[in-house]
Amino acid sequence: MNKQVLINKPSKAFRMASVAMLVAGVAAFLIGLANATMQLNEKGYYLAVLLFGLFSFVSLQKTIRDKMEGQTISKPYFMMCWAAAGSAIALLTVGLVNAELLLSEKGFYAMAFLLSGFAAITVQKNVRDVMALGASDEKLQEEVDINLQ
């Protein structure tokens, strides 16, 4: 059962702003880590949490989009995507609550993480929208070519 989903092409400005925010969020997080006085293993923990979070957010967005478009998604994978995204947020929260950082530093890492995560989801959605519209345009062009022959 294929569902029809109305897709509007995101503007070039929105796509560029989404990528810019992803770069800004990740860069801010990484620059903060590079300048932090914490031990290398702590820096590694926060880097791993950022990478895990970004991957899990993109995977969750893709899974939700697939489901909306009527594609079959296994329930275990769907639940695993939600669990991974929640775990990434929980790991960052636990790490920051227990870290010996100033409250402003904790807020900085939390906000950079959230900005990066939201931007990764938005970039994934934009890529998916453009791909879907490209496929629709190709299909429409094939139909027009067939009708002209």
# chains A, B, ... in the order shown; residues from 1 in each chain; ligands from 1
>>> residues_around(residues="Met80 in chain A", least_positions_apart="4", cutoff="10 Å", atoms="only C-alpha atoms", output="NGL selection string")
:A and (56 or 59-60 or 74-76 or 84-86)
>>> write_last_selection(atoms="N, CA and C atoms", output="compact mmCIF listing (two decimals), in the first residue's frame")
# COMPACT_ATOMS: atom_id res chain seq x y z
N SER A 56 22.29 8.53 14.51
CA SER A 56 20.99 8.01 14.94
C SER A 56 19.85 8.95 14.54
N SER A 59 19.28 8.44 10.80
CA SER A 59 18.67 7.13 10.60
C SER A 59 17.19 7.14 11.01
N LEU A 60 16.90 7.79 12.12
CA LEU A 60 15.51 7.88 12.58
C LEU A 60 14.66 8.67 11.59
N SER A 74 10.84 -2.71 9.48
CA SER A 74 10.66 -3.69 10.55
C SER A 74 10.53 -2.96 11.89
N LYS A 75 9.65 -3.47 12.72
CA LYS A 75 9.42 -2.84 14.01
C LYS A 75 10.68 -2.82 14.88
N PRO A 76 11.47 -3.91 14.90
CA PRO A 76 12.71 -3.85 15.71
C PRO A 76 13.66 -2.75 15.26
N ALA A 84 18.29 4.48 19.86
CA ALA A 84 19.61 5.06 19.62
C ALA A 84 19.57 6.58 19.76
N ALA A 85 18.57 7.22 19.20
CA ALA A 85 18.45 8.68 19.32
C ALA A 85 18.27 9.08 20.79
N GLY A 86 17.40 8.38 21.49
CA GLY A 86 17.21 8.66 22.91
C GLY A 86 18.46 8.40 23.73
>>> residues_around(residues="Ile121 in chain A", least_positions_apart="4", cutoff="9 Å", atoms="only C-alpha atoms", output="list in words")
Leu54, Phe57, Val58, Ser59, Leu60, Gln61, Lys62, Ser116, Gly117, Lys125 and Asn126 of chain A
>>> write_last_selection(atoms="C-alpha atoms", output="mmCIF file, in the first residue's frame")
data_model
loop_
_atom_site.group_PDB
_atom_site.id
_atom_site.type_symbol
_atom_site.label_atom_id
_atom_site.label_comp_id
_atom_site.auth_asym_id
_atom_site.auth_seq_id
_atom_site.Cartn_x
_atom_site.Cartn_y
_atom_site.Cartn_z
ATOM 1 C CA LEU A 54 24.096 12.546 14.347
ATOM 2 C CA PHE A 57 19.037 11.210 14.175
ATOM 3 C CA VAL A 58 19.563 10.820 10.429
ATOM 4 C CA SER A 59 18.666 7.129 10.596
ATOM 5 C CA LEU A 60 15.511 7.879 12.578
ATOM 6 C CA GLN A 61 14.465 10.596 10.131
ATOM 7 C CA LYS A 62 14.995 8.234 7.196
ATOM 8 C CA SER A 116 23.881 19.775 15.073
ATOM 9 C CA GLY A 117 21.198 17.119 15.551
ATOM 10 C CA LYS A 125 15.006 15.724 4.872
ATOM 11 C CA ASN A 126 16.118 18.226 2.240
#
>>> closest_residue(among="A:Leu102, A:Ala34, A:Leu50, A:Leu115", to="Ala90 in chain A", atoms="only C-alpha atoms")
A:Leu50
>>> closest_residue(among="A:Leu92, A:Ala20, A:Cys81, A:Ile64", to="Leu51 in chain A", atoms="only C-alpha atoms")
A:Leu92
